[in-house]
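A.B. asks: Okay, handing you the structure first.
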Amino acid sequence: MEELKHECGVAMIRLLKPLEYYEQKYGTWAYGFNKLYLMMEKQHNRGQEGAGFATVNLHTEAGTEYMFREKAEGKDAITEIFSRVDESMKGELYMGHLRYSTTGKSGLKFVHPFLRRNNWRAKNLCLCGNFNMTNIKEVFQFLTAQGQSPRIYGDSYITLELMGHRLDREVERLFSEAKKQGLEGTDVTQYIDSHVSVANVLRTTMPHFDGGYVMCGLTGSGELFAVRDPWGIRPAFYYQDDEVMVLASERPVIQTCFNLETDDIRELAPGQAIIVHRNSEICLEQILPRQQLNACSFERIYFSRGSDRDIYQERKRLGEQLTQPILKAIGGDVEHTVFSYIPNTAEVAFYGLTDGFRKLHGGVRTEKVVWKDIKLRTFITEGTERNDLAAHVYDISYGSLMPYEDNLVIIDDSIVRGTTLRESIFKILDRLHPKKIVMVSSSPQIRYPDYYGIDMSRLEELCAFRAAIALIKERGMDELIEATYQACKTSPLENCVRAIYAPFTTEEINRKMVEMLRPEGMQAPIEIVFQSIEGLHHACPCHSGDWYFTGHYPTPGGIRMVNQAFVNYYEELKN
C-alpha cells in the first residue's frame, strides 16, 4: 500500500562455452543478452528508477573495445538500454542491475553498474550490487588517508575505488611474479590475466564494510564474481551447468528464464563468493566468516516475488496466523464480515487468512473491495490539493458489503508511515458504511528504520514511532525522550531507541495509531491487528532478520545509525 523502495536487483550470466556454440544451438548471437533481458524484466519489481548492464568479451584484439556498459534512468530504462545492443557488444560475461534509491541521490551517475577504466585489462573493474553500507564515512577516511581522492562521496563509488585499489595491488603483485620468472611483453600480460585472484581482492576489500549486500563484479580480464554479506541480509541465488552460470536476487527468476526446478537452484551462503575465472572454472570461496544468520524478513513479506515456492507458503502462513486475533476483533461475527485485501502484495496473505477462517467456520464472504488505479501524477504541489489527488489512487467496489451491518476485514502486508491509510484508504472505505473496519498487517509494527537497503531511514516517518512519542507526551514522560537522546549520544553498541517503546504494550500503540490515522469526520470504528514477532518467525523460520520490528540490528553500523537517527530527530525537534 505504502510503496517502499528497495535497493536493488542483480542478474549475472557467464557463458561457459565458446560464443559460436550458443549461436549454433540457439540460433542467435544474442543468447546472452536475451537471457539477461528476461532476468532483469522478471526482477522489475526490485527497481524502477534506473537500470544498467555490462558485458565483457574475452577474445578481442588490442585497440578494440572489450568491456561495454549501458545505463538509463526511469521506469522504461530496461527497454532503453537493450535497444542500444548490437553484435559488437556480445561477450561471455554479462551483468545487469535494477535500481531503487534509498539515499535520496538520483541521476544517471548513480545508476549501476560503475566502471573503473585502465589500459591493463585486468585492472578494469565493473561493479553493481544490492546493498547499503552503514560505515561509508570510515571507508572514505581510510581511502583518503592513503592519498586517494574519490570523485564522489557515496557507497557505490567508494566501494568501487576501494576494490579497484585492491585489484591494482593484485595485478602489481602478479607483474612482479611474472618478471621474476623472466617473462616479458605480452607474456607478462597473459600471465596476469590467467592468474588474477579475485578471492584475494575480496578478502582484502570486504572486511572494511558494514552493511547488507550482494556485490557483483566483472574484470576486463574475464573474472566474474558475486559476494554476499556475512549475515545473509541480502539474497542471492545461483545455478550452473555445462553451458552457463547464472545468479539473481530471486530464485523464481532463474527458474522461469532457464526452465528449472526449484531444487536445481542454490542460495549463496553468507560471507561466500561465487567466482568464475577467465578459463570458465567455477569456485565457491568463503570470503568472510559466517555470522549469525539475519536474512531480511521483509524480502519474504513484501519485496521478493510471491511466485517463489517457499515465499508463497510463508505469506499464506502470515495471513492464516492472524485468524484468532481477527476473530476477537469482530466479536466472533463471521457471518456479518466481509474479507478483502489491499492490492497487490497482500493478496497471498489474504488467501492464507481466508483459509484459516474456512478451517474454523466453513465458508467466508470475500470481496475485492479495494482497487488500485493508475499511479496519478501529483503535479499539484499545494498541500490540500495534493492530498486530494493522492486520495484517489485507490477506489472501492460500491455495494460490496451491507451498510451498517457488515464488518470489513482488510489485510495489507505492512503499515509503515500510515499516510496512505489516513489520506486515502480509510476515507474511501468509510463510504461503504461498514459496521467496523479491522485493518490487518501481515507484518508486525515497524518501529525502526532500515539501514541495509530499504527506504525507511527516518524515525519520525514511522507511524509506530510517532504513536509512542505521542503516548509519552500524553502521560507526562518527556524525561524519557531526553534520557534516550543522551543515551544515544554515548552508547555506540546498544540500540537506545528501544527505550521509547518499553513503557507501552503493542495494543496501546495500536490504539494510538488508530487515533492518529483516523481521518476527521470518519464514522466507522477502526481496529488495527498486527502480526506478532513470534508469528513472523514461525511463518518465515529461515529469515530471522527482524530489526525493523525489534530493533535488534545485526551489525554495529545499524546500531550506530539508529541512535544517530534519534539524535537527529531530537535536535531537529528542539530547533
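For the C-alpha cells, the naming scheme is as follows: chains receive sequential letters (A, B, ...) according to their order of presentation, residues are indexed from 1 within each chain, and ligands are indexed from 1 in presentation order.
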May I have all residues of stretch 206-375 of chain A that DSSP, computed from the backbone, assigns to strand (DSSP E or B), given as a ChimeraX atom specification?
C.D. replies: /A:211-219,224-228,237-240,244-248,266-267,272-276,282-286,296,337-341,365-366,370-372
A.B. asks: Sort by chain and increasing residue number a table of all residues of stretch 80-195 of chain A within 8 Å of stretch 48-52 of chain A, each with its closest pair of atoms and their distance in Å to one decimal, counting only C-alpha atoms, and write it as a Markdown table.
C.D. replies:
| residue | atom | partner | partner_atom | distance |
| --- | --- | --- | --- | --- |
| A:Ile81 | CA | A:Gly52 | CA | 6.8 |
| A:Gly96 | CA | A:Gly52 | CA | 5.8 |
| A:His97 | CA | A:Gly52 | CA | 5.4 |
| A:Leu98 | CA | A:Ala51 | CA | 4.6 |
| A:Arg99 | CA | A:Gly50 | CA | 5.1 |
| A:Tyr100 | CA | A:Glu49 | CA | 5.5 |
| A:Ser101 | CA | A:Glu49 | CA | 7.3 |
| A:Leu108 | CA | A:Gly50 | CA | 7.8 |
| A:Val111 | CA | A:Gly50 | CA | 6.0 |
| A:His112 | CA | A:Gly52 | CA | 5.8 |
| A:Pro113 | CA | A:Gly52 | CA | 6.0 |
A.B. asks: Could the residues in this selection be written to a file with N, CA and C atoms, as a PDB file, in the first residue's frame?
C.D. replies:
ATOM      1  N   ILE A  81      18.023   0.524 -22.503  1.00  0.00           N
ATOM      2  CA  ILE A  81      19.410   0.049 -22.596  1.00  0.00           C
ATOM      3  C   ILE A  81      19.544  -1.124 -23.556  1.00  0.00           C
ATOM      4  N   GLY A  96      23.703  -7.372 -14.976  1.00  0.00           N
ATOM      5  CA  GLY A  96      22.637  -6.377 -15.042  1.00  0.00           C
ATOM      6  C   GLY A  96      22.220  -5.913 -13.666  1.00  0.00           C
ATOM      7  N   HIS A  97      21.625  -4.723 -13.616  1.00  0.00           N
ATOM      8  CA  HIS A  97      21.232  -4.140 -12.334  1.00  0.00           C
ATOM      9  C   HIS A  97      19.974  -3.308 -12.492  1.00  0.00           C
ATOM     10  N   LEU A  98      19.103  -3.382 -11.480  1.00  0.00           N
ATOM     11  CA  LEU A  98      17.896  -2.556 -11.394  1.00  0.00           C
ATOM     12  C   LEU A  98      17.975  -1.754 -10.110  1.00  0.00           C
ATOM     13  N   ARG A  99      17.689  -0.464 -10.192  1.00  0.00           N
ATOM     14  CA  ARG A  99      17.949   0.413  -9.054  1.00  0.00           C
ATOM     15  C   ARG A  99      16.699   1.040  -8.471  1.00  0.00           C
ATOM     16  N   TYR A 100      16.621   0.984  -7.147  1.00  0.00           N
ATOM     17  CA  TYR A 100      15.787   1.864  -6.346  1.00  0.00           C
ATOM     18  C   TYR A 100      16.730   2.592  -5.407  1.00  0.00           C
ATOM     19  N   SER A 101      16.620   3.887  -5.317  1.00  0.00           N
ATOM     20  CA  SER A 101      17.500   4.659  -4.445  1.00  0.00           C
ATOM     21  C   SER A 101      16.967   4.643  -3.028  1.00  0.00           C
ATOM     22  N   LEU A 108      21.723   9.891 -13.497  1.00  0.00           N
ATOM     23  CA  LEU A 108      22.351   8.788 -14.225  1.00  0.00           C
ATOM     24  C   LEU A 108      23.668   8.356 -13.596  1.00  0.00           C
ATOM     25  N   VAL A 111      23.307   5.477 -11.223  1.00  0.00           N
ATOM     26  CA  VAL A 111      22.766   4.214 -11.719  1.00  0.00           C
ATOM     27  C   VAL A 111      23.913   3.217 -11.912  1.00  0.00           C
ATOM     28  N   HIS A 112      23.737   1.993 -11.451  1.00  0.00           N
ATOM     29  CA  HIS A 112      24.730   0.935 -11.621  1.00  0.00           C
ATOM     30  C   HIS A 112      24.654   0.390 -13.056  1.00  0.00           C
ATOM     31  N   PRO A 113      25.706  -0.312 -13.528  1.00  0.00           N
ATOM     32  CA  PRO A 113      26.998  -0.591 -12.903  1.00  0.00           C
ATOM     33  C   PRO A 113      27.948   0.612 -12.963  1.00  0.00           C
TER      34      PRO A 113
END
A.B. asks: If we count only C-alpha atoms and set the cut-off at 7 Å, which residues sit around A:Trp371, ignoring sequence neighbours fewer than 5 positions away in its own chain? Please answer as a PyMOL selection string.
C.D. replies: chain A and resi 343+394-396
A.B. asks: Smallest atom-to-atom distance to A:His538: which of A:Pro18, A:Gly9, A:Gly319, A:Pro289, using only C-alpha atoms?
C.D. replies: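 Of all the options, A:Gly319 lies closest to A:His538.
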A.B. asks: In terms of the shortest atom-to-atom distance over only C-alpha atoms, which of A:Gln324, A:Thr159, A:Thr506, A:Ser221 is closest to A:Pro207?
C.D. replies: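 Looking only at the distances to A:Pro207, the closest residue turns out to be A:Thr159.
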A.B. asks: Taking into account only C-alpha atoms, which residue in the set A:Ile559, A:Tyr569, A:Ala295, A:Thr323 is nearest to A:His537?
C.D. replies: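 Comparing A:Ile559, A:Tyr569, A:Ala295, A:Thr323 against A:His537, the winner is A:Ala295.
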A.B. asks: Would you work out the distance separating atom CA of A:Asn130 from atom CA of A:Asp210, expressed in Å to one decimal?
C.D. replies: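 Interatomic distance, atom CA of A:Asn130 to atom CA of A:Asp210: 13.8 Å.
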A.B. asks: Which residues come within 10 Å of stretch 366-370 of chain A, counting only C-alpha atoms, excluding same-chain residues fewer than 5 positions away, as a VMD selection string?
C.D. replies: chain A and resid 337 to 344 350 354 394 to 401 408 to 410 425 428 to 429 432
A.B. asks: Please extract the residues of stretch 276-446 of chain A with a backbone DSSP assignment of helix (DSSP H, G or I) and present them as a ChimeraX atom specification.
C.D. replies: /A:297-303,309-320,323-329,347-361,383-390,419-430
A.B. asks: For A:Leu353, list every protein, DNA or RNA residue within 9 Å, evaluated using only C-alpha atoms, and leave out those in the same chain fewer than 6 positions away; present the list as a list in words.
C.D. replies: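 My list of contacting residues is Lys316, Arg317, Leu318, Gly319, Glu320, Gln321, Leu322, Thr323, Phe339 and Ile411 of chain A.
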A.B. asks: Could you write out that same residue set with C-alpha atoms as an mmCIF file, in the first residue's frame?
C.D. replies:
data_model
loop_
_atom_site.group_PDB
_atom_site.id
_atom_site.type_symbol
_atom_site.label_atom_id
_atom_site.label_comp_id
_atom_site.auth_asym_id
_atom_site.auth_seq_id
_atom_site.Cartn_x
_atom_site.Cartn_y
_atom_site.Cartn_z
ATOM 1 C CA LYS A 316 -0.054 -17.689 3.308
ATOM 2 C CA ARG A 317 1.060 -18.661 6.830
ATOM 3 C CA LEU A 318 1.454 -14.990 7.750
ATOM 4 C CA GLY A 319 -2.206 -14.489 6.863
ATOM 5 C CA GLU A 320 -3.542 -17.676 8.429
ATOM 6 C CA GLN A 321 -1.823 -16.971 11.757
ATOM 7 C CA LEU A 322 -3.944 -13.838 12.175
ATOM 8 C CA THR A 323 -7.233 -15.752 12.308
ATOM 9 C CA PHE A 339 -12.834 -10.188 3.979
ATOM 10 C CA ILE A 411 -5.325 -7.079 5.071
#
A.B. asks: If we count only C-alpha atoms and set the cut-off at 9 Å, which residues sit around A:Ile415, ignoring sequence neighbours fewer than 2 positions away in its own chain? Please answer as an NGL selection string.
C.D. replies: :A and (1-2 or 412-413 or 417-418 or 421 or 440-441 or 443-446 or 462-464 or 530)
A.B. asks: What lies within 10 Å of stretch 85-95 of chain A using only C-alpha atoms, ignoring chain neighbours under 4 positions off, as a tab-separated table (two decimals) with C-alpha atoms, in the first residue's frame?
C.D. replies:
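Wrote part07.tsv, looks like this:
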chain	number	residue	atom	x	y	z
A	10	VAL	CA	21.04	-8.03	-9.76
A	11	ALA	CA	21.44	-10.52	-12.60
A	12	MET	CA	24.59	-12.22	-13.88
A	13	ILE	CA	25.31	-14.69	-16.68
A	14	ARG	CA	28.57	-16.39	-17.53
A	15	LEU	CA	28.63	-18.33	-20.80
A	16	LEU	CA	30.95	-21.29	-20.25
A	17	LYS	CA	31.37	-22.40	-23.87
A	18	PRO	CA	32.64	-20.58	-26.99
A	19	LEU	CA	30.23	-17.98	-28.38
A	29	TRP	CA	24.39	-14.30	-31.38
A	30	ALA	CA	22.28	-12.54	-28.74
A	31	TYR	CA	21.62	-15.56	-26.50
A	32	GLY	CA	23.36	-13.93	-23.50
A	33	PHE	CA	21.59	-10.61	-23.99
A	35	LYS	CA	18.60	-14.15	-21.10
A	36	LEU	CA	19.89	-11.09	-19.28
A	40	MET	CA	16.04	-8.15	-15.47
A	52	GLY	CA	22.17	-0.83	-16.48
A	53	PHE	CA	24.19	-3.71	-17.85
A	54	ALA	CA	27.81	-4.53	-18.57
A	55	THR	CA	29.44	-7.15	-20.77
A	56	VAL	CA	32.97	-8.42	-21.36
A	57	ASN	CA	34.30	-10.13	-24.48
A	58	LEU	CA	37.32	-12.33	-23.79
A	59	HIS	CA	38.52	-12.56	-27.39
A	60	THR	CA	39.23	-9.12	-28.82
A	64	THR	CA	39.18	-2.97	-29.89
A	65	GLU	CA	36.60	-2.40	-27.16
A	66	TYR	CA	36.04	-5.44	-24.96
A	67	MET	CA	34.11	-4.04	-21.97
A	68	PHE	CA	30.74	-2.42	-22.56
A	69	ARG	CA	28.35	-0.64	-20.24
A	70	GLU	CA	24.93	0.93	-20.81
A	80	GLU	CA	16.08	1.69	-23.42
A	81	ILE	CA	19.41	0.05	-22.60
A	113	PRO	CA	27.00	-0.59	-12.90
A	126	CYS	CA	32.79	-3.01	-13.22
A	127	LEU	CA	30.60	-3.26	-10.11
A	128	CYS	CA	26.92	-3.34	-9.26
A	216	CYS	CA	28.67	-8.29	-8.15
A	217	GLY	CA	31.55	-7.56	-10.48
A	218	LEU	CA	33.37	-8.17	-13.75
A	219	THR	CA	37.02	-7.53	-14.61
A	220	GLY	CA	38.37	-6.75	-18.04
A	222	GLY	CA	37.39	-12.07	-17.60
A	223	GLU	CA	36.81	-12.66	-13.88
A	224	LEU	CA	33.18	-12.69	-12.71
A	244	VAL	CA	26.07	-21.27	-18.02
A	245	MET	CA	26.45	-19.95	-14.52
A	246	VAL	CA	23.66	-17.54	-13.63
A	247	LEU	CA	22.92	-15.53	-10.49
A	248	ALA	CA	19.95	-13.37	-9.46
A	276	VAL	CA	34.01	-17.75	-12.42
A	278	ARG	CA	38.69	-16.49	-17.15
A	280	SER	CA	35.44	-20.88	-17.04
A.B. asks: If I take atom CA of A:Ala269 and atom CA of A:Ala346, how far is one from the other in Å, to one decimal?
C.D. replies: 28.8 Å
A.B. asks: Go through A:Ala467, A:Leu493, A:Leu293, A:Met522 and flag the residue nearest A:Gly558, using only C-alpha atoms for the distances.
C.D. replies: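 Checking each of A:Ala467, A:Leu493, A:Leu293, A:Met522 against A:Gly558, counting only C-alpha atoms, the winner is A:Leu493.
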A.B. asks: Mind giving me the straight-line distance from atom CA of A:Phe549 to atom CA of A:Asn510 in Å, one decimal?
C.D. replies: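 One can read the atom CA of A:Phe549 to atom CA of A:Asn510 distance as 13.9 Å.
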A.B. asks: What are the closest atom pairs, with distances in Å to one decimal, for all residues of stretch 150-204 of chain A lying within 12 Å of stretch 226-242 of chain A? Consider only C-alpha atoms, order rows by chain and residue number, and present the result as CSV.
C.D. replies:
residue,atom,partner,partner_atom,distance
A:Val198,CA,A:Ala226,CA,10.2
A:Ala199,CA,A:Val227,CA,9.8
A:Val201,CA,A:Val227,CA,11.5
A:Leu202,CA,A:Val227,CA,8.1
A:Arg203,CA,A:Val227,CA,10.4
A.B. asks: Those residues you just picked out, can you put them in a file as a PDB file, in the first residue's frame with N, CA and C atoms?
C.D. replies:
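Contents of again_0.pdb, as written:
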ATOM      1  N   VAL A 198      40.592 -13.093  -7.696  1.00  0.00           N
ATOM      2  CA  VAL A 198      39.515 -12.242  -7.193  1.00  0.00           C
ATOM      3  C   VAL A 198      39.282 -12.518  -5.714  1.00  0.00           C
ATOM      4  N   ALA A 199      39.502 -13.748  -5.295  1.00  0.00           N
ATOM      5  CA  ALA A 199      39.329 -14.066  -3.871  1.00  0.00           C
ATOM      6  C   ALA A 199      40.257 -13.216  -3.018  1.00  0.00           C
ATOM      7  N   VAL A 201      41.382 -10.242  -3.777  1.00  0.00           N
ATOM      8  CA  VAL A 201      40.842  -8.882  -3.823  1.00  0.00           C
ATOM      9  C   VAL A 201      39.676  -8.736  -2.851  1.00  0.00           C
ATOM     10  N   LEU A 202      38.759  -9.705  -2.863  1.00  0.00           N
ATOM     11  CA  LEU A 202      37.587  -9.637  -1.987  1.00  0.00           C
ATOM     12  C   LEU A 202      37.973  -9.755  -0.520  1.00  0.00           C
ATOM     13  N   ARG A 203      38.940 -10.619  -0.206  1.00  0.00           N
ATOM     14  CA  ARG A 203      39.336 -10.795   1.197  1.00  0.00           C
ATOM     15  C   ARG A 203      40.024  -9.564   1.770  1.00  0.00           C
TER      16      ARG A 203
END
